[in-house]
Structure formats: structure tokens, C-alpha cells
Amino acid sequence: MKEQVSEKKTEGMAHCPVEKKCGGCSQLFLPYDKQLAKKQRWVEGLLSDFCKIEPILGMKDPLHYRNKVNATFAYTKDKKIISGIYQEGTHRVVPVDSCMIEDERADAIIRTIRGLLPSFRIKTYDEDTGYGLLRHVMVRVGKKSGQIMVVLVLSSPILPSKNNFVKALRKEHPEITTVILNVNDKKTTMVLGERNITLYGPGFIEDTLGGLTFRISPGSFYQVNSVQTERLYATAIDFAALTGKETILDAYCGIGTIGLFAASKAAHVIGVELNGAAVADARINAKRNRIDNAEFFVGDAGDFCRMLTGSTMVPEVVFMDPPRSGSSETFMRSVITMAPKRIVYISCNPQTLARDLKYLTSKGQYTVKRCVPVDMFPATEHVESIALLQRMSNTRSKEITLDVDMEDYHRIKSEGR
Ligand code: SAH
């Protein structure tokens with residue numbers, strides 16, 4: 001979205017003192033209606049060759065929507081502790097006390113943790129020397145449930161005086177429902193390590209979306225904008241035009257949200273997801289909501305789908321919601337072989353969406369019927385889109401070879417990462 005826009009800063013959606021250094025809210029300087037228009041044009045530029053782009057679904061109240069906040073800690077030259085985020089492309093921490101798009105309760109908790117560190121003699125971790133204990137804090141807020149998870153990401157499993165630390169934190173913030181110690185002892189840019197130790201509460205939070213309750217573990221993906229997620233899923237399910245008779249595939253399913261949303265309108269739901277913890281959540285979420293026509297599998301969506309092509313569990317509708325890098329050739333090839341009547345593609349990157357739609361429509365079996373952008377990330381340069389693909393004929397082809405420009409495919413794939 002590298003467009004030149006001449007609006008003055010004072011006309012923008014909001015003002016943030018670290019807007020330039022942080023870089024996360026690159027569109028904050030624009031009024032919200034202009035941001036929406038710009039995203040609409042961006043998606044149109046990439047996708048209108050496939051179909052007419054419907055008007056973007058924006059937010060009524062586009063501030064403080066993020067339900068997940070990560071903070072990194074560092075010392076200033078005069079030994080004061082700061083918390084915030086890494087300046088884009090660097091290891092320098094930009095101090096952020098309160099952010100225009102983050103949940104305000106989460107920001108307050110992070111400020112309190114920062115204030116507690118000296119009296120508990122907790123040293124912040126230094127990425128270069130590997131010295132120090134506290135690497136990050138992640139806070140997740142159930143926007144509807146009000147439940148709050150605090151994850152302390154430490155370089156070691158031992159937090160001295162951990163009970164007193166949790167007590168002091170909860171004294172300031174009784175709204176916290178669980179505290180987790182996550183061990184990240186590797187030299188990595190990933191926030192979370194693999195091991196979680198629950199210090200307080202159940203070790204997860206629950207939140208409700210569209211009348212269903214979802215369990216969210218520290219490492220599971222959960223859409224960061226809960227208000228827009230309900231609209232995103234409702235629109236995706238509307239696009240699928242389910243009759244109640246279909247077997248549906250929820251590929252890249254995370255904790256099972258889309259499949260479980262659709263389960264009451266389908267005969268059978270199959271979900272697949274790479275992250276084992278998320279699949280465990282998805283299975284519990286099915287039980288928790290008394291949904292007995294959904295099953296979830298751990299694995300690569302492409303491998304799983306290739307296996308499905310040889311089975312009797314062939315879906316009539318496929319929902320696919322891959323990460324920013326888009327889907328894989330194996331997955332899309334297998335989907336075309338299975339020939340579902342509809343494919344609903346939910347994407348957080350219109351560039352990889354355009355690439356994948358080109359692939360999926362390249363042999364003439366599928367055509368893009370509808371496409372709508374959804375503003376899941378106000379003030380940032382990101383935009384979500386939903387595209388509906390419909391099968392052209394009723395004949396299922398068994399052998400399909402696709403002659404898409406694979407060089408183009410791999411180039412965009414690496415850019416999308
Ligand atoms: N549909 C879910 C999750 C979408 S995010 C929701 O709306 O919440 C994309 C998900 O794809 C993540 O959970 C990620 O773990 C998963 N993923 C990434 N690569 C994958 C792959 N190759 N196969 C299956 N799942 C994958």
C-alpha cells in the first residue's frame with residue numbers, strides 16, 4: 001500500500017507519540033474513511049480481474065481493538081526499564097505506554113509488570129548477550145468474557161518468588177484470570193517457547209464469538225480483532241450457502257472457530273491445522289459447545305488434503321484460511337481434485353490471495369463469484385478479504401495438471417512470508 005496521500009496529520013484517525021518509530025500503525029495519520037477507501041482500492045487493484053469487489057466492511061469504533069498484546073523489555077542508558085515493541089527491522093525497543101489499537105486493560109497490566117520488576121530483582125533479557133530473565137510479556141483479553149491471560153516469557157523456568165509476584169500482580173489487576181510462565185531459552189525471534197507452566201488459574205482463557213465459547217491456549221492462533229471476526233466468519237459462512245447436508249473442510253482451522261461456527265449448518269465438519277495445541281483446543285471447543293459433527297486433525301493442510309482425495313470423506317465445501325504466505329500447491333491441487341462445489345478463501349494478504357486465485361481458476365473448473373475486503377486491522381496497512389469460488393460444472397475431474405507460472409508462484413510465496 002505504498003500510495004502517496006497528502007492529508008495533514010491533524011486530520012488523522014488518532015495521534016500517537018511513537019507512531020513514526022514504531023511503524024505498526026502506518027495508516028493512523030489518515031481519517032478512518034480514507035483508510036477504508038485506500039484498502040478498497042488496494043484489493044480492487046489486485047483482485048478486480050477475478051470479480052467485482054464488494055464494499056469493505058469497516059469498524060464502527062476502530063481504536064483499541066487488539067485483544068492480544070506483546071511487549072518486550074529493555075534498559076535505557078540510564079538504567080530505567082522500558083517496555084514496548086521492537087522498532088521495525090531492529091533490536092531497539094520503542095517504549096510504548098499505551099497504544100491506540102491495543103486493549104487498554106492489557107497495556108495497563110504491562111505497565112504494572114514493568115513497575116514490579118525492580119523490587120522482584122527480575123532482570124530483562126538482552127537479545128545480544130543472552131543475559132537476563134524476562135524476554136516478553138503477552139497479554140490476551142477475552143473481549144466478551146472479560147477473562148485475561150498473562151504470559152511471562154522467560155529465558156529460564158525459574159522465576160524467583162513467583163507466588164508473590166503473581167499475588168502482587170493480581171492485587172493491582174484482579175481481572176487477570178490466568179498467569180502462565182512460558183520458557184523460551186532459544187536464540188530466536190519467536191516470542192513464545194514450547195514449554196508452558198501455569199502459575200495461576202486454568203492456563204487458558206475462554207471467549208465467546210457468535211454465541212459459541214472458545215478455549216484459547218497461549219500458543220494457539222486467535223483472531224486479534226474479535227468484533228470484526230464475528231462479521232468475517234458470518235460473511236464467510238453466508239458465502240458458503242450451506243444447506244445442512246454438506247461435509248465441509250475447515251483448512252488452517254486454528255482452534256476450530258470457522259468450522260464450529262458452520263457446524264450447525266452442515267452435516268459434517270473436518271478441520272486440519274499444523275499446530276497441535278490449537279487442534280487440542282479445537283477438539284475441546286467442539287465438546288464445550290456440544291457439537292458432535294466436527295473432527296479435527298493435526299497436520300499440514302496440503303498433506304492432509306492429498307490424503308483426503310483418496311478417501312470417502314470428500315468435502316462439498318472448503319473453507320481455507322492460510323497464513324500470510326498463502327496456501328500450498330499441494331493443497332490447492334488436491335482441493336481441485338476433490339472438486340468441492342464451493343471454496344471460501346479467507347486471506348490476510350491480498351497478494352498471495354491473488355496468486356492463489358489465479359492457480360485455483362487456471363483450468364476453468366472454478367470461477368470467483370464474490371469478494372469482499374474486511375478491515376480486521378484498522379490503522380495498519382493490512383487488510384483481510386474473503387473470496388468465494390464456485391465450481392463451473394458438475395463433473396469431477398480425476399487427473400488435473402495445472403500450468404500456472406510456478407516461478408511467479410514461488411516468488412510471491414517468499415515475499416508473502
Ligand atoms: N482459521 C483460524 C486460523 C487462521 S490463521 C482462525 O480464524 O482463527 C492460520 C492458521 O494456519 C494458523 O493456526 C497456523 O498454525 C495454521 N497453519 C500454518 N501453516 C499450516 C499448514 N501448512 N497446514 C495447516 N495449518 C497451517
# chains A, B, ... in the order shown; residues from 1 in each chain; ligands from 1
>>> residues_around(residues="segment 165-173 of chain A", least_positions_apart="6", cutoff="12 Å", atoms="only C-alpha atoms", output="ChimeraX atom specification")
/A:105-122,147-152,159,179-181,198-201
>>> residues_around(residues="Asp250 of chain A", least_positions_apart="5", cutoff="6 Å", atoms="only C-alpha atoms", output="MDAnalysis selection string")
chainID A and resid 259 271 319
>>> write_last_selection(atoms="all heavy atoms", output="PDB file, in the first residue's frame")
ATOM      1  N   GLY A 259     -15.060 -23.726  11.436  1.00  0.00           N
ATOM      2  CA  GLY A 259     -15.791 -24.994  11.305  1.00  0.00           C
ATOM      3  C   GLY A 259     -16.886 -25.118  12.352  1.00  0.00           C
ATOM      4  O   GLY A 259     -18.006 -25.569  12.058  1.00  0.00           O
ATOM      5  N   GLY A 271     -11.675 -30.552  10.308  1.00  0.00           N
ATOM      6  CA  GLY A 271     -10.738 -29.432  10.440  1.00  0.00           C
ATOM      7  C   GLY A 271      -9.313 -29.942  10.380  1.00  0.00           C
ATOM      8  O   GLY A 271      -9.025 -31.046  10.873  1.00  0.00           O
ATOM      9  N   PHE A 319     -13.498 -24.395   3.343  1.00  0.00           N
ATOM     10  CA  PHE A 319     -13.068 -23.097   3.872  1.00  0.00           C
ATOM     11  C   PHE A 319     -11.553 -23.176   3.984  1.00  0.00           C
ATOM     12  O   PHE A 319     -11.035 -24.159   4.530  1.00  0.00           O
ATOM     13  CB  PHE A 319     -13.633 -22.842   5.269  1.00  0.00           C
ATOM     14  CG  PHE A 319     -15.114 -22.606   5.299  1.00  0.00           C
ATOM     15  CD1 PHE A 319     -15.992 -23.665   5.493  1.00  0.00           C
ATOM     16  CD2 PHE A 319     -15.632 -21.326   5.142  1.00  0.00           C
ATOM     17  CE1 PHE A 319     -17.371 -23.447   5.524  1.00  0.00           C
ATOM     18  CE2 PHE A 319     -17.002 -21.104   5.175  1.00  0.00           C
ATOM     19  CZ  PHE A 319     -17.874 -22.167   5.370  1.00  0.00           C
TER      20      PHE A 319
END
>>> residues_near_ligand(ligand="ligand 1", cutoff="10 Å", atoms="only C-alpha atoms and all ligand atoms", output="PyMOL selection string")
chain A and resi 219-224+229+232-233+250-259+271-279+297-305+319-328+330-331+346-348
>>> write_last_selection(atoms="C-alpha atoms", output="mmCIF file, in the first residue's frame")
data_model
loop_
_atom_site.group_PDB
_atom_site.id
_atom_site.type_symbol
_atom_site.label_atom_id
_atom_site.label_comp_id
_atom_site.auth_asym_id
_atom_site.auth_seq_id
_atom_site.Cartn_x
_atom_site.Cartn_y
_atom_site.Cartn_z
ATOM 1 C CA GLY A 219 0.316 -20.693 21.658
ATOM 2 C CA SER A 220 -2.920 -21.005 19.671
ATOM 3 C CA PHE A 221 -3.840 -18.591 16.914
ATOM 4 C CA TYR A 222 -6.900 -16.490 17.705
ATOM 5 C CA GLN A 223 -8.058 -13.597 15.510
ATOM 6 C CA VAL A 224 -6.870 -10.352 17.154
ATOM 7 C CA THR A 229 -14.044 -11.736 13.478
ATOM 8 C CA LEU A 232 -15.721 -12.185 8.979
ATOM 9 C CA TYR A 233 -16.993 -15.638 9.913
ATOM 10 C CA ASP A 250 -12.026 -26.136 7.591
ATOM 11 C CA ALA A 251 -8.407 -25.955 6.446
ATOM 12 C CA TYR A 252 -5.848 -23.999 8.520
ATOM 13 C CA CYS A 253 -8.507 -24.150 11.239
ATOM 14 C CA GLY A 254 -6.591 -22.874 14.309
ATOM 15 C CA ILE A 255 -8.794 -23.596 17.344
ATOM 16 C CA GLY A 256 -11.673 -24.646 15.062
ATOM 17 C CA THR A 257 -13.619 -21.381 15.069
ATOM 18 C CA ILE A 258 -14.842 -21.304 11.442
ATOM 19 C CA GLY A 259 -15.791 -24.994 11.305
ATOM 20 C CA GLY A 271 -10.738 -29.432 10.440
ATOM 21 C CA VAL A 272 -6.989 -29.555 9.822
ATOM 22 C CA GLU A 273 -4.261 -27.475 11.433
ATOM 23 C CA LEU A 274 -0.475 -27.726 11.861
ATOM 24 C CA ASN A 275 -0.324 -26.563 15.492
ATOM 25 C CA GLY A 276 -1.077 -29.466 17.849
ATOM 26 C CA ALA A 277 -2.053 -27.226 20.791
ATOM 27 C CA ALA A 278 -4.595 -25.428 18.606
ATOM 28 C CA VAL A 279 -6.099 -28.758 17.490
ATOM 29 C CA PHE A 297 -6.717 -33.371 12.680
ATOM 30 C CA VAL A 298 -3.119 -32.244 13.230
ATOM 31 C CA GLY A 299 -1.086 -31.936 10.070
ATOM 32 C CA ASP A 300 -0.051 -29.961 7.053
ATOM 33 C CA ALA A 301 -3.188 -28.909 5.173
ATOM 34 C CA GLY A 302 -1.634 -29.975 1.848
ATOM 35 C CA ASP A 303 -0.610 -33.466 3.000
ATOM 36 C CA PHE A 304 -3.953 -33.966 4.717
ATOM 37 C CA CYS A 305 -5.923 -32.887 1.674
ATOM 38 C CA PHE A 319 -13.068 -23.097 3.872
ATOM 39 C CA MET A 320 -9.399 -22.175 3.686
ATOM 40 C CA ASP A 321 -7.738 -19.568 5.903
ATOM 41 C CA PRO A 322 -3.966 -19.868 5.394
ATOM 42 C CA PRO A 323 -1.249 -17.637 6.922
ATOM 43 C CA ARG A 324 0.122 -14.563 5.097
ATOM 44 C CA SER A 325 2.301 -16.700 2.842
ATOM 45 C CA GLY A 326 -0.865 -18.187 1.321
ATOM 46 C CA SER A 327 -1.683 -21.783 0.515
ATOM 47 C CA SER A 328 0.476 -24.520 -0.985
ATOM 48 C CA THR A 330 -0.204 -29.479 -2.887
ATOM 49 C CA PHE A 331 -3.225 -28.198 -1.002
ATOM 50 C CA ILE A 346 -10.261 -16.178 3.771
ATOM 51 C CA SER A 347 -6.999 -14.314 3.405
ATOM 52 C CA CYS A 348 -4.979 -11.780 5.369
#
>>> residues_around(residues="segment 33-36 of chain A", least_positions_apart="4", cutoff="8 Å", atoms="only C-alpha atoms", output="ChimeraX atom specification")
/A:27,40,56,58,375,378-379
>>> select_by_dssp(residues="segment 83-252 of chain A", states="helix (DSSP H, G or I)", output="mmCIF file with N, CA and C atoms, in the first residue's frame")
data_model
loop_
_atom_site.group_PDB
_atom_site.id
_atom_site.type_symbol
_atom_site.label_atom_id
_atom_site.label_comp_id
_atom_site.auth_asym_id
_atom_site.auth_seq_id
_atom_site.Cartn_x
_atom_site.Cartn_y
_atom_site.Cartn_z
ATOM 1 N N GLU A 104 -6.843 -1.560 26.257
ATOM 2 C CA GLU A 104 -6.280 -0.689 27.290
ATOM 3 C C GLU A 104 -5.986 -1.426 28.597
ATOM 4 N N ARG A 105 -6.782 -2.477 28.881
ATOM 5 C CA ARG A 105 -6.502 -3.270 30.096
ATOM 6 C C ARG A 105 -5.161 -3.981 29.964
ATOM 7 N N ALA A 106 -4.874 -4.488 28.760
ATOM 8 C CA ALA A 106 -3.608 -5.198 28.523
ATOM 9 C C ALA A 106 -2.434 -4.244 28.707
ATOM 10 N N ASP A 107 -2.558 -3.038 28.179
ATOM 11 C CA ASP A 107 -1.466 -2.066 28.323
ATOM 12 C C ASP A 107 -1.230 -1.709 29.789
ATOM 13 N N ALA A 108 -2.309 -1.578 30.561
ATOM 14 C CA ALA A 108 -2.171 -1.246 31.990
ATOM 15 C C ALA A 108 -1.444 -2.376 32.729
ATOM 16 N N ILE A 109 -1.749 -3.618 32.375
ATOM 17 C CA ILE A 109 -1.095 -4.770 33.024
ATOM 18 C C ILE A 109 0.403 -4.765 32.709
ATOM 19 N N ILE A 110 0.737 -4.461 31.483
ATOM 20 C CA ILE A 110 2.159 -4.434 31.096
ATOM 21 C C ILE A 110 2.896 -3.320 31.854
ATOM 22 N N ARG A 111 2.241 -2.184 32.021
ATOM 23 C CA ARG A 111 2.879 -1.092 32.802
ATOM 24 C C ARG A 111 3.104 -1.547 34.248
ATOM 25 N N THR A 112 2.127 -2.255 34.819
ATOM 26 C CA THR A 112 2.279 -2.730 36.201
ATOM 27 C C THR A 112 3.440 -3.718 36.307
ATOM 28 N N ILE A 113 3.524 -4.648 35.350
ATOM 29 C CA ILE A 113 4.622 -5.635 35.392
ATOM 30 C C ILE A 113 5.967 -4.905 35.343
ATOM 31 N N ARG A 114 6.065 -3.925 34.473
ATOM 32 C CA ARG A 114 7.307 -3.148 34.357
ATOM 33 C C ARG A 114 7.674 -2.516 35.697
ATOM 34 N N GLY A 115 6.651 -2.002 36.397
ATOM 35 C CA GLY A 115 6.888 -1.368 37.694
ATOM 36 C C GLY A 115 7.296 -2.359 38.770
ATOM 37 N N LEU A 116 6.863 -3.621 38.641
ATOM 38 C CA LEU A 116 7.181 -4.624 39.670
ATOM 39 C C LEU A 116 8.595 -5.191 39.532
ATOM 40 N N LYS A 162 7.911 -16.544 42.710
ATOM 41 C CA LYS A 162 6.847 -16.480 41.698
ATOM 42 C C LYS A 162 5.456 -16.283 42.318
ATOM 43 N N ASN A 163 5.213 -16.910 43.469
ATOM 44 C CA ASN A 163 3.873 -16.759 44.067
ATOM 45 C C ASN A 163 3.620 -15.316 44.495
ATOM 46 N N ASN A 164 4.659 -14.700 45.070
ATOM 47 C CA ASN A 164 4.499 -13.309 45.488
ATOM 48 C C ASN A 164 4.354 -12.372 44.300
ATOM 49 N N PHE A 165 5.049 -12.717 43.217
ATOM 50 C CA PHE A 165 4.948 -11.889 42.009
ATOM 51 C C PHE A 165 3.511 -11.927 41.478
ATOM 52 N N VAL A 166 2.969 -13.140 41.388
ATOM 53 C CA VAL A 166 1.597 -13.289 40.878
ATOM 54 C C VAL A 166 0.614 -12.571 41.817
ATOM 55 N N LYS A 167 0.868 -12.708 43.117
ATOM 56 C CA LYS A 167 -0.009 -12.063 44.107
ATOM 57 C C LYS A 167 0.008 -10.540 43.928
ATOM 58 N N ALA A 168 1.218 -9.991 43.785
ATOM 59 C CA ALA A 168 1.348 -8.530 43.625
ATOM 60 C C ALA A 168 0.665 -8.068 42.334
ATOM 61 N N LEU A 169 0.802 -8.869 41.292
ATOM 62 C CA LEU A 169 0.195 -8.506 40.008
ATOM 63 C C LEU A 169 -1.328 -8.558 40.097
ATOM 64 N N ARG A 170 -1.825 -9.592 40.737
ATOM 65 C CA ARG A 170 -3.281 -9.749 40.833
ATOM 66 C C ARG A 170 -3.900 -8.741 41.811
ATOM 67 N N LYS A 171 -3.084 -8.274 42.729
ATOM 68 C CA LYS A 171 -3.599 -7.260 43.645
ATOM 69 C C LYS A 171 -3.935 -5.991 42.857
ATOM 70 N N GLU A 172 -3.069 -5.647 41.924
ATOM 71 C CA GLU A 172 -3.320 -4.475 41.072
ATOM 72 C C GLU A 172 -4.385 -4.748 40.014
ATOM 73 N N SER A 226 -11.806 -9.164 17.735
ATOM 74 C CA SER A 226 -12.975 -10.026 17.983
ATOM 75 C C SER A 226 -14.244 -9.502 17.315
ATOM 76 N N VAL A 227 -14.448 -8.176 17.324
ATOM 77 C CA VAL A 227 -15.664 -7.598 16.738
ATOM 78 C C VAL A 227 -15.750 -7.944 15.249
ATOM 79 N N GLN A 228 -14.642 -7.732 14.553
ATOM 80 C CA GLN A 228 -14.642 -7.988 13.119
ATOM 81 C C GLN A 228 -14.606 -9.488 12.798
ATOM 82 N N THR A 229 -14.088 -10.290 13.719
ATOM 83 C CA THR A 229 -14.044 -11.736 13.478
ATOM 84 C C THR A 229 -15.456 -12.294 13.335
ATOM 85 N N GLU A 230 -16.370 -11.810 14.168
ATOM 86 C CA GLU A 230 -17.750 -12.295 14.065
ATOM 87 C C GLU A 230 -18.315 -11.980 12.680
ATOM 88 N N ARG A 231 -18.020 -10.785 12.168
ATOM 89 C CA ARG A 231 -18.520 -10.407 10.831
ATOM 90 C C ARG A 231 -17.805 -11.206 9.742
ATOM 91 N N LEU A 232 -16.512 -11.420 9.952
ATOM 92 C CA LEU A 232 -15.721 -12.185 8.979
ATOM 93 C C LEU A 232 -16.297 -13.595 8.826
ATOM 94 N N TYR A 233 -16.498 -14.253 9.953
ATOM 95 C CA TYR A 233 -16.993 -15.638 9.913
ATOM 96 C C TYR A 233 -18.425 -15.693 9.374
ATOM 97 N N ALA A 234 -19.266 -14.743 9.825
ATOM 98 C CA ALA A 234 -20.663 -14.756 9.366
ATOM 99 C C ALA A 234 -20.710 -14.574 7.844
ATOM 100 N N THR A 235 -19.852 -13.686 7.325
ATOM 101 C CA THR A 235 -19.830 -13.451 5.874
ATOM 102 C C THR A 235 -19.309 -14.688 5.146
ATOM 103 N N ALA A 236 -18.253 -15.294 5.677
ATOM 104 C CA ALA A 236 -17.680 -16.496 5.042
ATOM 105 C C ALA A 236 -18.729 -17.606 4.985
ATOM 106 N N ILE A 237 -19.489 -17.763 6.061
ATOM 107 C CA ILE A 237 -20.483 -18.836 6.113
ATOM 108 C C ILE A 237 -21.664 -18.504 5.198
ATOM 109 N N ASP A 238 -21.989 -17.236 5.115
ATOM 110 C CA ASP A 238 -23.020 -16.801 4.174
ATOM 111 C C ASP A 238 -22.586 -17.128 2.729
ATOM 112 N N PHE A 239 -21.329 -16.850 2.394
ATOM 113 C CA PHE A 239 -20.797 -17.147 1.048
ATOM 114 C C PHE A 239 -20.924 -18.648 0.746
ATOM 115 N N ALA A 240 -20.778 -19.474 1.770
ATOM 116 C CA ALA A 240 -20.759 -20.928 1.553
ATOM 117 C C ALA A 240 -22.144 -21.477 1.230
#
>>> residues_around(residues="Leu242 of chain A", least_positions_apart="2", cutoff="7 Å", atoms="only C-alpha atoms", output="count of residues only")
5
>>> atom_distance(atom1="atom CA of Met59 of chain A", atom2="atom CA of Ser145 of chain A")
20.4 Å
>>> closest_residue(among="A:Met338, A:Val43, A:Met392, A:Ile270", to="Val372 of chain A", atoms="only C-alpha atoms")
A:Val43
>>> residues_around(residues="Gly12 of chain A", least_positions_apart="4", cutoff="6 Å", atoms="only C-alpha atoms", output="ChimeraX atom specification")
/A:29-31
>>> write_last_selection(atoms="N, CA, C and O atoms", output="PDB file, in the first residue's frame")
ATOM      1  N   PHE A  29      -2.329   8.201  10.536  1.00  0.00           N
ATOM      2  CA  PHE A  29      -2.369   9.617  10.126  1.00  0.00           C
ATOM      3  C   PHE A  29      -3.571   9.924   9.223  1.00  0.00           C
ATOM      4  O   PHE A  29      -3.888  11.075   8.972  1.00  0.00           O
ATOM      5  N   LEU A  30      -4.225   8.887   8.730  1.00  0.00           N
ATOM      6  CA  LEU A  30      -5.368   9.093   7.832  1.00  0.00           C
ATOM      7  C   LEU A  30      -6.685   8.970   8.592  1.00  0.00           C
ATOM      8  O   LEU A  30      -6.813   8.103   9.465  1.00  0.00           O
ATOM      9  N   PRO A  31      -7.694   9.785   8.244  1.00  0.00           N
ATOM     10  CA  PRO A  31      -9.021   9.563   8.838  1.00  0.00           C
ATOM     11  C   PRO A  31      -9.503   8.155   8.461  1.00  0.00           C
ATOM     12  O   PRO A  31      -9.115   7.636   7.409  1.00  0.00           O
TER      13      PRO A  31
END
>>> closest_residue(among="A:Ala14, A:Val141, A:Cys25, A:Ile336", to="Arg66 of chain A", atoms="only C-alpha atoms")
A:Val141
>>> residues_around(residues="Trp42 of chain A", least_positions_apart="6", cutoff="12 Å", atoms="only C-alpha atoms", output="CSV table (one decimal) with C-alpha atoms, in the first residue's frame")
chain,number,residue,atom,x,y,z
A,1,MET,CA,0.0,0.0,0.0
A,2,LYS,CA,2.7,2.5,-0.9
A,3,GLU,CA,0.4,5.3,-2.0
A,35,GLN,CA,-8.1,4.3,5.3
A,36,LEU,CA,-11.0,2.2,4.2
A,48,SER,CA,-10.9,-7.0,-9.7
A,53,ILE,CA,-15.1,-6.2,-5.3
A,56,ILE,CA,-15.1,-3.1,2.5
A,349,ASN,CA,-2.8,-11.0,2.4
A,350,PRO,CA,-4.4,-9.9,-0.9
A,351,GLN,CA,-1.2,-10.5,-2.8
A,354,ALA,CA,-4.4,-13.1,-6.0
A,373,PRO,CA,-12.5,-7.0,2.0
A,381,GLU,CA,-1.6,-1.4,6.3
A,382,HIS,CA,-3.1,-4.9,6.5
A,383,VAL,CA,-6.5,-6.0,5.1
A,384,GLU,CA,-8.4,-9.3,5.2
A,385,SER,CA,-10.5,-10.5,2.3
